Every structure is written in structure tokens, then in C-alpha cells.
Amino acid sequence: MSGRPLSPGVVARIEELWTRYPHKRAALIPALHLVQADQDGWLSAEALRATAELFDLPDQEVRGVVGFYEMFHTEPVGRHVVRLCKTLPCKLRGADALIARIAERYGVGRGETTADGRFTFECFECLGHCSTGPMMLVDEERHENLTVGDVDRVLDGLE
């Protein structure tokens with residue numbers, strides 16, 4: 001699977017983003033989110049080069065940003081991305097059991113996609129909801145205070 005060039009619509013949205021920031025480069029992270037959404041949830045080498053060119057930045061600078069943040073993908077992902085927080089507050093409230101349940105349910109480990117391409121399972125360092133953990137993002141929808149039964153209900157709704 002390879003990427004595609006940036007669509008004219010995404011370029012226009014990025015150019016509009018630039019008007020909200022004091023410097024063009026400051027809009028790089030929101031622009032990468034737009035590009036990733038337009039590229040089926042991942043950033044191909046071609047999309048990264050095109051984004052770097054649009055921003056007048058070296059490819060390596062854009063790759064460095066993408067490599068630093070866990071929310072960017074440089075490989076194809078499933079139609080649904082299931083992210084579970086694995087940090088201590090969520091662990092203390094049962095995240096390990098949820099991680100095991102998701103892995104068992106889909107037959108995948110952390111960072112893997114199901115054979116049918118429907119689900120990608122990831123564990124995040126922190127999703128910022130320590131007081132309401134364990135916390136999971138399914139695509140971009142938050143689910144908090146989860147039990148194993150809650151996880152099954154949420155995921156049943158996707159199938």
C-alpha cells in the first residue's frame with residue numbers, strides 16, 4: 001500500500017491553518033493530523049515529503065515530529081484504532097485486564113492490526129484522564145472508568 005499526494009482540499013485547509021499561527025511551522029502538528037485523516041489513517045513517505053515541501057521544511061524535521069508523537073502512524077492501520085492507556089494510574093485501576101481482553105478478543109498484540117484490517121490495537125503512555133481511568137480511545141471517542149464488560153460493549157458496537 002502506498003500513499004497519495006496531498007489532496008487540494010487538505011492543502012487548502014493547511015493554508016487556512018497557517019493564518020491562525022504566528023509562524024507557518026507552528027501549524028505542523030495540526031496539519032499532520034489533517035494529512036493523516038485524508039490518507040486513510042497513516043502517513044506514507046510520499047505524504048511526509050509532500051507535507052515537508054508544503055511547509056518548506058527538511059523531510060527529516062517532519063519525520064522527527066511524526067516519530068516523536070504516538071498519535072501519528074507511518075504504516076497502514078485498521079479501520080478502527082483502539083488505544084488503551086497503560087500508565088500507572090490506569091494500571092492500578094485495571095488496565096492490564098483490559099489490555100489482555102482486547103488482545104484475546106482480536107488475536108493481536110500491541111501495535112498490531114487484525115488480519116482483516118478492521119482493528120489496530122495500541123497502548124498509549126498517557127491519554128490524560130488519570131482520574132477516570134482506565135481510559136480507552138476508539139478512533140477519537142473517549143471511554144472512561146472501564147471494566148472488561150464495558151470494553152466488550154464498546155467494541156461490540158463497532159462490529
# chains A, B, ... in the order shown; residues from 1 in each chain; ligands from 1

$ select_by_dssp --residues "segment 41-89 of chain A" --states "strand (DSSP E or B)" --output "VMD selection string"
chain A and resid 80 to 85

$ closest_residue --among "A:Val11, A:Leu57, A:Ile102, A:Leu84" --to "Asp156 of chain A" --atoms "only C-alpha atoms"
A:Ile102

$ closest_residue --among "A:Gly133, A:Pro8, A:Pro76, A:Gly117" --to "Lys91 of chain A" --atoms "only C-alpha atoms"
A:Gly133

$ residues_around --residues "Ile99 of chain A" --least-positions-apart "2" --cutoff "12 Å" --atoms "only C-alpha atoms" --output "MDAnalysis selection string"
chainID A and resid 82:87 90:91 94:97 101:111 121:124 134:136 146:148 151:152

$ residues_around --residues "Arg63 of chain A" --least-positions-apart "3" --cutoff "9 Å" --atoms "only C-alpha atoms" --output "CSV table (one decimal) with C-alpha atoms, in the first residue's frame"
chain,number,residue,atom,x,y,z
A,45,ALA,CA,6.7,8.6,2.9
A,48,LEU,CA,5.5,13.2,4.6
A,49,ARG,CA,7.7,14.5,1.7
A,52,ALA,CA,7.6,18.9,4.3
A,58,PRO,CA,13.5,19.3,5.6
A,59,ASP,CA,11.9,15.8,5.3
A,60,GLN,CA,13.8,14.8,8.4
A,66,VAL,CA,6.0,12.2,13.4
A,67,GLY,CA,8.4,9.8,15.2
A,68,PHE,CA,8.1,11.6,18.5

$ residues_around --residues "Val81 of chain A" --least-positions-apart "2" --cutoff "8 Å" --atoms "only C-alpha atoms" --output "ChimeraX atom specification"
/A:77-79,83,119-122,137-139

$ select_by_dssp --residues "segment 25-100 of chain A" --states "helix (DSSP H, G or I)" --output "PDB file with C-alpha atoms, in the first residue's frame"
ATOM      1  CA  ARG A  25       5.835  25.785  11.173  1.00  0.00           C
ATOM      2  CA  ALA A  26       3.662  26.122  14.299  1.00  0.00           C
ATOM      3  CA  ALA A  27       0.782  24.571  12.318  1.00  0.00           C
ATOM      4  CA  LEU A  28       2.744  21.395  11.521  1.00  0.00           C
ATOM      5  CA  ILE A  29       1.110  19.097  14.095  1.00  0.00           C
ATOM      6  CA  PRO A  30      -2.488  20.052  13.241  1.00  0.00           C
ATOM      7  CA  ALA A  31      -1.573  19.807   9.564  1.00  0.00           C
ATOM      8  CA  LEU A  32      -0.182  16.296  10.057  1.00  0.00           C
ATOM      9  CA  HIS A  33      -3.475  15.295  11.674  1.00  0.00           C
ATOM     10  CA  LEU A  34      -5.324  16.576   8.585  1.00  0.00           C
ATOM     11  CA  VAL A  35      -2.974  14.736   6.232  1.00  0.00           C
ATOM     12  CA  GLN A  36      -3.207  11.506   8.229  1.00  0.00           C
ATOM     13  CA  ALA A  37      -7.012  11.631   8.243  1.00  0.00           C
ATOM     14  CA  ASP A  38      -7.023  12.204   4.487  1.00  0.00           C
ATOM     15  CA  ALA A  45       6.709   8.555   2.925  1.00  0.00           C
ATOM     16  CA  GLU A  46       5.143  10.370  -0.029  1.00  0.00           C
ATOM     17  CA  ALA A  47       2.716  12.246   2.232  1.00  0.00           C
ATOM     18  CA  LEU A  48       5.532  13.196   4.607  1.00  0.00           C
ATOM     19  CA  ARG A  49       7.673  14.517   1.731  1.00  0.00           C
ATOM     20  CA  ALA A  50       4.734  16.496   0.346  1.00  0.00           C
ATOM     21  CA  THR A  51       3.989  17.961   3.785  1.00  0.00           C
ATOM     22  CA  ALA A  52       7.647  18.905   4.292  1.00  0.00           C
ATOM     23  CA  GLU A  53       7.703  20.562   0.876  1.00  0.00           C
ATOM     24  CA  LEU A  54       4.491  22.459   1.604  1.00  0.00           C
ATOM     25  CA  PHE A  55       5.989  23.755   4.864  1.00  0.00           C
ATOM     26  CA  ASP A  59      11.941  15.834   5.330  1.00  0.00           C
ATOM     27  CA  GLN A  60      13.846  14.767   8.443  1.00  0.00           C
ATOM     28  CA  GLU A  61      12.317  17.524  10.542  1.00  0.00           C
ATOM     29  CA  VAL A  62       8.803  16.387   9.656  1.00  0.00           C
ATOM     30  CA  ARG A  63       9.774  12.730  10.209  1.00  0.00           C
ATOM     31  CA  GLY A  64      11.205  13.690  13.602  1.00  0.00           C
ATOM     32  CA  VAL A  65       7.886  15.213  14.671  1.00  0.00           C
ATOM     33  CA  VAL A  66       5.957  12.183  13.418  1.00  0.00           C
ATOM     34  CA  GLY A  67       8.350   9.790  15.158  1.00  0.00           C
ATOM     35  CA  PHE A  68       8.061  11.605  18.478  1.00  0.00           C
ATOM     36  CA  LEU A  88       0.316   3.641  36.356  1.00  0.00           C
ATOM     37  CA  PRO A  89      -2.998   5.306  37.303  1.00  0.00           C
ATOM     38  CA  CYS A  90      -4.843   3.252  34.680  1.00  0.00           C
ATOM     39  CA  LYS A  91      -2.859   0.110  35.565  1.00  0.00           C
ATOM     40  CA  LEU A  92      -3.859   0.473  39.204  1.00  0.00           C
ATOM     41  CA  ALA A  95      -5.850  -1.581  32.567  1.00  0.00           C
ATOM     42  CA  ASP A  96      -3.824  -4.805  32.379  1.00  0.00           C
ATOM     43  CA  ALA A  97      -7.020  -6.899  32.340  1.00  0.00           C
ATOM     44  CA  LEU A  98      -8.427  -4.672  29.574  1.00  0.00           C
ATOM     45  CA  ILE A  99      -5.244  -4.983  27.523  1.00  0.00           C
ATOM     46  CA  ALA A 100      -5.397  -8.767  27.883  1.00  0.00           C
TER      47      ALA A 100
END

$ closest_residue --among "A:Glu144, A:Gly149, A:His80, A:Glu70" --to "Asp116 of chain A" --atoms "only C-alpha atoms"
A:His80

$ atom_distance --atom1 "atom CA of Phe72 of chain A" --atom2 "atom CA of Glu112 of chain A"
14.6 Å

$ atom_distance --atom1 "atom CA of Thr114 of chain A" --atom2 "atom CA of Ser7 of chain A"
28.2 Å

$ atom_distance --atom1 "atom CA of His73 of chain A" --atom2 "atom CA of Ser44 of chain A"
8.5 Å
